[in-house]
file upload_29.cif (mmCIF, C-alpha atoms)
data_run
#
loop_
_atom_site.label_atom_id
_atom_site.label_comp_id
_atom_site.auth_asym_id
_atom_site.auth_seq_id
_atom_site.Cartn_x
_atom_site.Cartn_y
_atom_site.Cartn_z
CA MET A 263 0.90 -11.43 -13.93
CA TYR A 264 1.77 -7.79 -13.36
CA SER A 265 2.81 -5.18 -15.92
CA ILE A 266 4.28 -1.72 -15.49
CA SER A 267 3.45 1.26 -17.67
CA ASN A 268 5.80 4.25 -17.32
CA LEU A 269 4.64 7.45 -18.97
CA GLY A 270 6.55 9.47 -16.40
CA MET A 271 9.55 9.49 -18.71
CA PHE A 272 7.41 11.65 -21.04
CA GLY A 273 6.52 14.11 -18.27
CA ILE A 274 3.03 12.75 -17.58
CA THR A 275 2.35 12.98 -13.85
CA HIS A 276 -0.80 10.87 -13.49
CA PHE A 277 -2.68 8.36 -15.63
CA SER A 278 -4.56 5.07 -15.43
CA ALA A 279 -3.32 2.15 -17.51
CA VAL A 280 -5.56 -0.41 -19.23
CA ILE A 281 -5.12 -4.10 -18.44
CA ASN A 282 -4.35 -6.28 -21.46
CA PRO A 283 -4.95 -10.05 -21.28
CA PRO A 284 -3.33 -12.21 -19.93
CA GLN A 285 -2.22 -9.63 -17.33
CA ALA A 286 -4.06 -9.42 -14.00
CA CYS A 287 -2.68 -6.01 -12.89
CA ILE A 288 -0.90 -3.05 -14.38
CA LEU A 289 0.94 -0.37 -12.45
CA ALA A 290 0.85 3.11 -14.00
CA VAL A 291 3.87 5.19 -12.90
CA GLY A 292 3.90 8.95 -13.43
CA ALA A 293 6.75 11.45 -13.42
CA GLY A 294 8.47 12.45 -10.22
CA ILE A 295 7.83 16.09 -9.41
CA PRO A 296 9.51 18.19 -6.72
CA ARG A 297 7.24 19.34 -3.89
CA VAL A 298 7.69 21.09 -0.58
CA VAL A 299 6.79 18.84 2.35
CA SER A 300 7.37 19.02 6.09
CA ASP A 301 10.02 16.80 7.65
CA SER A 302 9.91 15.11 11.07
CA SER A 303 10.60 18.43 12.86
CA ASP A 304 7.88 20.28 10.85
CA GLN A 305 10.46 22.15 8.79
CA PRO A 306 9.80 22.61 5.06
CA THR A 307 11.97 20.45 2.85
CA LYS A 308 12.03 19.47 -0.82
CA ALA A 309 11.00 15.95 -1.84
CA THR A 310 10.38 14.24 -5.17
CA MET A 311 6.89 12.75 -5.26
CA LEU A 312 5.35 10.47 -7.86
CA GLU A 313 1.90 9.05 -8.43
CA ALA A 314 1.35 5.38 -9.11
CA THR A 315 -2.02 3.82 -9.95
CA LEU A 316 -2.72 0.09 -9.88
CA SER A 317 -5.44 -1.25 -12.17
CA MET A 318 -6.46 -4.82 -11.42
CA ASP A 319 -8.80 -7.51 -12.66
CA SER A 320 -10.73 -8.48 -9.53
CA ARG A 321 -11.57 -11.85 -11.09
CA ALA A 322 -7.89 -12.80 -10.95
CA VAL A 323 -6.48 -10.80 -8.03
CA ASP A 324 -8.01 -10.22 -4.61
CA ALA A 325 -8.09 -6.61 -3.37
CA PHE A 326 -6.06 -7.63 -0.30
CA VAL A 327 -3.26 -9.00 -2.52
CA ALA A 328 -3.27 -5.79 -4.58
CA GLU A 329 -3.07 -3.73 -1.38
CA GLU A 330 -0.08 -5.78 -0.18
CA PHE A 331 1.63 -5.22 -3.55
CA LEU A 332 1.12 -1.44 -3.34
CA THR A 333 2.34 -1.36 0.26
CA SER A 334 5.53 -3.22 -0.72
CA PHE A 335 6.00 -0.98 -3.77
CA LYS A 336 5.70 2.13 -1.58
CA GLN A 337 8.22 0.79 0.93
CA PHE A 338 10.75 -0.06 -1.80
CA ILE A 339 10.35 3.31 -3.54
CA GLU A 340 10.81 5.18 -0.26
CA ASP A 341 13.89 3.10 0.71
CA PRO A 342 15.47 1.52 -2.39
CA THR A 343 18.44 0.13 -0.43
CA SER A 344 16.06 -2.28 1.32
CA MET A 345 15.83 -4.22 -1.95
CA ILE A 346 19.43 -5.41 -1.62
CA ILE A 347 19.24 -6.52 2.00
#
call {"tool": "encode", "arguments": {"input": "upload_29.cif", "output": "structure tokens"}}
result
Amino acid sequence: MYSISNLGMFGITHFSAVINPPQACILAVGAGIPRVVSDSSDQPTKATMLEATLSMDSRAVDAFVAEEFLTSFKQFIEDPTSMII
């Protein structure tokens, strides 16, 4: 089972959440903060970035499964419309 802990709504940008039984993983989501990044043509542009940390119990979840979860999470956060297709 996965849980999500969101302290970003309180302005906290980064933290690590503690797993509580019977959970196997918990995703800690921080606040989105605006940053300047370069776009595909190397021009500066503004983007909202957030930090997410996954804590897992390696007795219950394999590291490969956790990596797949984080990869999917990243893809959905970067393109939320893909969740409805």
call {"tool": "resolve_selection", "arguments": {"input": "upload_29.cif", "expression": "the PyMOL selection byres ((chain A and resi 267) around 7)", "output": "PyMOL selection string"}}
result
chain A and resi 265-266+268-269+279+288-291
call {"tool": "atom_distance", "arguments": {"input": "upload_29.cif", "atom1": "atom CA of Leu312 of chain A", "atom2": "atom CA of Gly292 of chain A"}}
result
6.0 Å
call {"tool": "closest_residue", "arguments": {"input": "upload_29.cif", "among": "A:Met271, A:Ala293, A:Met311, A:Ala322", "to": "Ile339 of chain A", "atoms": "only C-alpha atoms"}}
result
A:Met311
call {"tool": "axis_aligned_box", "arguments": {"input": "upload_29.cif", "around": "segment 299-313 of chain A", "padding_each_side": "4 Å", "output": "AutoDock Vina command-line options"}}
result
--center_x 7.0 --center_y 15.8 --center_z 2.2 --size_x 18.1 --size_y 21.6 --size_z 29.3
call {"tool": "closest_residue", "arguments": {"input": "upload_29.cif", "among": "A:Ser278, A:Ile346, A:Pro306, A:Gly270", "to": "Gly294 of chain A", "atoms": "all atoms listed in the file"}}
result
A:Gly270
call {"tool": "closest_residue", "arguments": {"input": "upload_29.cif", "among": "A:Ile274, A:Ile281, A:Met263, A:Met345", "to": "Ile295 of chain A", "atoms": "all atoms listed in the file"}}
result
A:Ile274
call {"tool": "atom_distance", "arguments": {"input": "upload_29.cif", "atom1": "atom CA of Pro284 of chain A", "atom2": "atom CA of Val323 of chain A"}}
result
12.4 Å
call {"tool": "atom_distance", "arguments": {"input": "upload_29.cif", "atom1": "atom CA of Phe338 of chain A", "atom2": "atom CA of Asp324 of chain A"}}
result
21.5 Å
call {"tool": "closest_residue", "arguments": {"input": "upload_29.cif", "among": "A:Glu340, A:Pro296, A:Leu316, A:Ser302", "to": "Phe277 of chain A", "atoms": "all atoms listed in the file"}}
result
A:Leu316
